[in-house]
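Asker: If you scroll down you'll find the structure; I have some questions about it.
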Amino acid sequence: MTPDTIRQKIYAGLIGKAVGVRLGAPVEPTVWDHEHIREVYGEIDDYVRDYRNFAADDDTNGPLFFVRALWDEGDALTHAAAGRNWLNYIADGHGMLWWGGFGISTEETAYRHLQQGRTPPETGSIALRGKVEAEQIGGQIFSDCWGWVCPGDPEEAARLARIMGAVSHDGEALEGAAYVAGATAAAFTATDIHEVHRRARALVADGSHYARVIDAVEAFHAGEPADWRACFHMLERDFGYDKWTGVCHVIPNAGVVVLALLYGGGDMPRTAAIATMCGWDTDCNAGNAANIAGVLQGVRPHWAKWRRPINDILITSAVTGSLNIVDMPSAARDMAVLALRRRGDAVPEGWAEAALSRDVFFDFALPGASHGIRAEGSHRLRTIPGHHAGALDVQIDRWAKGDAGRVFWKPFYREADFDDNRYRPMLSPVTASGQTVTVELMGTKALEGPREVHFVPYVRLAASGERIDLADWAPLPEDWQAVRFTLPESAEAIDEIGVRLAQHGEARVMMSCLIRSFRVTGPGHTVISPAEEAEEWGAVSRFSFNRGDWGLEDGRIIGRTTSDADLWTGHAFATDQTVTARIMCIAGDSHLVSARAAGARRFYAAGIEAGRAVILCEDFGTTVLAEAPVTAGEEVELTFSAIGERLSLSIDGQEFLTATDGRHPRGMAGLRLGAAGAIGCTGFEIREG
């Protein structure tokens with residue numbers, strides 16, 4: 001397997017996962033079941049619901065963030081590292097997981113045990129949790145990623161999946177983790193879906209109930225290979241929810257996953273549809289099964305109608321807000337780096353650096369990749385991913401004079417961009433003012449009419465909706481041209497970056513604008529005026545948060561908490577940064593700004609605590625790096641710089657403390673209450689570089 005093959009197969013698995021989750025989510029129980037789905041939708045062959053943008057789901061949250069343990073702590077995944085991963089990326093009480101209550105939600109219960117100081121595998125154990133709760137479906141649904149990073153090595157994929165799965169699950173649930181991870185890994189090299197199943201089945205303990213249910217499905221399929229509904233009725237009769245209790249037990253749903261794989265015949269869309277039509281945990285089962293089939297099949301042209309609404313974008317719900325806007329081709333490249341590293345293979349130049357860079361680079365090398373680029377403003381303007389090798393084809397269909405539209409990428413989304421928020425994402429812009437955008441584009445030969453389409457680069461501001469042109473209008477070039485512009489300074493986030501197009505000629509024209517690459521590079525500058533923001537996603541627009549009550553009052557950001565609480569923005573991979581905040585010490589003894597926050601448990605903070613100026617390092621515990629007595633008023637300007645390993649705190653313009661530490665090389669910036677109290681902020685700025 002070459003690096004490109006591995007990347008393409010991971011990409012296909014990601015697409016399959018996204019398709020299955022998006023298809024299954026609208027018909028997830030409790031009201032929907034097999035018969036009701038059949039009555040309403042019949043034989044499903046397309047999405048049953050349209051979304052403006054599909055918001056976060058736990059099935060995609062888990063795989064994309066649990067695998068970050070390999071970036072943070074190295075390839076030798078341990079139970080302890082798995083537990084730290086949960087505490088670092090999952091916000092307390094919202095997003096990422098189903099927060100159904102202690103003793104009800106398997107994952108929330110595990111999280112609460114982690115908070116109390118227990119460690120895996122105890123946190124997921126039957127001894128601590130009881131058999132029913134520990135054997136729910138979560139160990140299975142989050143395990144695709146271990147197959148992605150262990151291509152062709154199902155045994156290793158299963159081993160890693162059991163380690164991460166043990167944070168929250170035990171018993172039969174860990175058999176499910178091993179099966180899904182192993183099947184995903186096997187699909188990279190298998191010749192058909194039966195080989196995938198056989199290799200994954202070998203990883204499941206003989207005598208387990210998991211083995212019993214998937215063996216029953218395999219045997220039924222051998223006898224009746226054309227009737228998947230009859231197989232499902234066997235599952236209902238012999239392995240149904242009446243026999244395997246709890247909120248969502250792994251055993252019935254394991255049967256559906258294998259049923260969908262075998263009866264789907266290795267075709268990703270058909271596999272997703274069958275898993276959805278079965279009912280039970282539709283998004284989980286369709287996501288797992290379609291991922292496995294996707295890796296096996298590889299991207300195919302007939303996937304196009306399933307891919308188009310997804311448009312290469314996944315939205316997730318971790319505390320690292322900028323990482324919650326996931327570009328799927330880039331995620332596939334990053335997973336491929338981990339896979340190649342584990343295999344001991346050479347990593348292509350630039351891949352590893354890009355995986356931890358705050359820069360953006362889209363190259364359209366993967367089949368049909370769109371990188372989330374959209375065409376709007378005209379019904380005769382559309383993107384056609386995969387039509388032109390190595391570039392995105394933007395078709396201009398018989399435009400007359402005055403016809404216009406725009407082609408753009410969204411580096412930021414608002415709450416109103418989504419139809420639902422059941423796994424409440426928290427989004428921070430991927431880009432910032434001052435960065436350089438380079439778009440490599442050209443216009444094709446006109447198929448009809450004179451070639452007189454012009455373009456201008458532009459951005460749109462998220463709060464006001466104002467569009468700002470950043471150059472003069474010019475004809476689309478006849479050969480590849482690198483168009484460069486700088487993102488303008490603004491107290492608003494930018495939520496569109498692209499080009500506007502318009503036909504300047506009198507006659508109709510039919511042609512294409514091709515985009516070969518799209519880059520955003522360099523350090524950024526973020527200015528936040530609270531008066532320009534809004535209360536969204538349970539806090540403040542542009543920010544992610546962990547604990548506390550964060551909102552806007554009288555043009556200020558206000559945070560209150562009875563414990564500790566954090567509010568973050570900026571890019572999760574920003575390196576050198578100077579953070580300035582004008583704060584109000586409303587109540588309590590801790591009022592801090594943070595820098596290089598790589599999550600909820602890894603960051604630097606500095607400010608005023610109990611009459612002291614402090615610089616702190618949080619790394620699953622607090623280290624005081626510097627401190628000194630200070631007298632400060634209720635309103636103060638704090639400036640915290642992290643340049644290389646040098647940390648410095650200035651108060652009202654005067655440098656007050658310095659320290660040296662290298663544990664956290666990159667991360668977000670924000671406000672922190674280290675203990676019960678309240679803080680206000682009238683202005684916030686991050687200057688990178």
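Labels for the structure tokens follow display order: chains A, B, ..., residues from 1 in each chain, ligands from 1.
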If you take only C-alpha atoms and a cut-off of 8 Å, which residues of stretch 168-251 of chain A touch stretch 89-107 of chain A, and what are their nearest atom pairs and distances in Å to one decimal, in chain and number order, as CSV?
Answerer:
residue,atom,partner,partner_atom,distance
A:Ser168,CA,A:Glu107,CA,5.7
A:His169,CA,A:Thr106,CA,7.5
A:Val247,CA,A:Ile104,CA,7.4
Asker: I need the residues from that last selection saved to file as a CSV table (one decimal), in the first residue's frame (with C-alpha atoms), if you can.
Answerer:
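Written output follows (again07.csv):
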chain,number,residue,atom,x,y,z
A,168,SER,CA,-16.2,3.5,29.0
A,169,HIS,CA,-17.1,-0.2,28.2
A,247,VAL,CA,-30.5,2.2,26.5
Asker: Counting only C-alpha atoms, which residues of stretch 57-110 of chain A sit at most 12 Å from some atom of stretch 341-359 of chain A, and what is each one's closest atom pair with its distance in Å to one decimal, listed by chain and rising residue number, as a tab-separated table?
Answerer:
residue	atom	partner	partner_atom	distance
A:Arg68	CA	A:Ala355	CA	10.9
A:Leu70	CA	A:Arg342	CA	10.0
A:Trp71	CA	A:Leu356	CA	8.9
A:Asp72	CA	A:Leu356	CA	10.6
A:Gly74	CA	A:Arg342	CA	10.0
A:Asp75	CA	A:Arg342	CA	7.0
A:Ala76	CA	A:Arg342	CA	9.5
A:Leu77	CA	A:Arg342	CA	11.5
Asker: Among stretch 229-459 of chain A, which ones does DSSP place in strand (DSSP E or B), written as a ChimeraX atom specification?
Answerer: /A:249,313-315,325-327,360-362,374-376,381-388,391-399,404-409,433,436-443,448,453-459
Asker: Select, from A:Ser143, A:Thr561, A:Ser370, A:Thr623, the residue with the minimum atom-to-atom distance to A:Ala659, counting only C-alpha atoms.
Answerer: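 The answer is A:Thr623, which sits nearest to A:Ala659.
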Asker: Applying 8 Å and only C-alpha atoms, which residues near A:Gly449 remain after dropping the ones on its own chain fewer than 5 positions away? List them as a PyMOL selection string.
Answerer: chain A and resi 507-510
Asker: Using only C-alpha atoms, which residues sit within 6 Å of stretch 193-204 of chain A once same-chain residues fewer than 3 positions away are excluded, as number ranges by chain?
Answerer: A: 175, 179, 182-183, 186-187, 190, 266
Asker: Which residue is closest to A:Thr78? Choose from A:Ile643, A:Leu160, A:Ala632, A:Met277 and count only C-alpha atoms.
Answerer: A:Leu160
Asker: Mind checking which residues fall within 9 Å of A:Met1, counting only C-alpha atoms, ignoring those fewer than 4 positions away in the same chain, and posting them as a PDB file with C-alpha atoms, in the first residue's frame?
Answerer:
ATOM      1  CA  THR A   5      -3.582   4.415  -1.474  1.00  0.00           C
ATOM      2  CA  ILE A   6      -3.826   4.526   2.302  1.00  0.00           C
ATOM      3  CA  PRO A 151      -4.368  -0.468   7.516  1.00  0.00           C
ATOM      4  CA  GLY A 152      -4.016  -4.162   6.773  1.00  0.00           C
ATOM      5  CA  PHE A 188      -7.720  -2.063   3.180  1.00  0.00           C
ATOM      6  CA  THR A 189      -6.356  -5.300   1.700  1.00  0.00           C
TER       7      THR A 189
END
Asker: So that I can see what lies close to stretch 405-422 of chain A, please list as number ranges by chain the residues with an atom at most 8 Å from it, counting only C-alpha atoms and leaving out residues fewer than 6 positions away in the same chain.
Answerer: A: 51-57, 95, 325, 371-378, 381, 394, 428-431, 462, 493-502, 536-537, 541
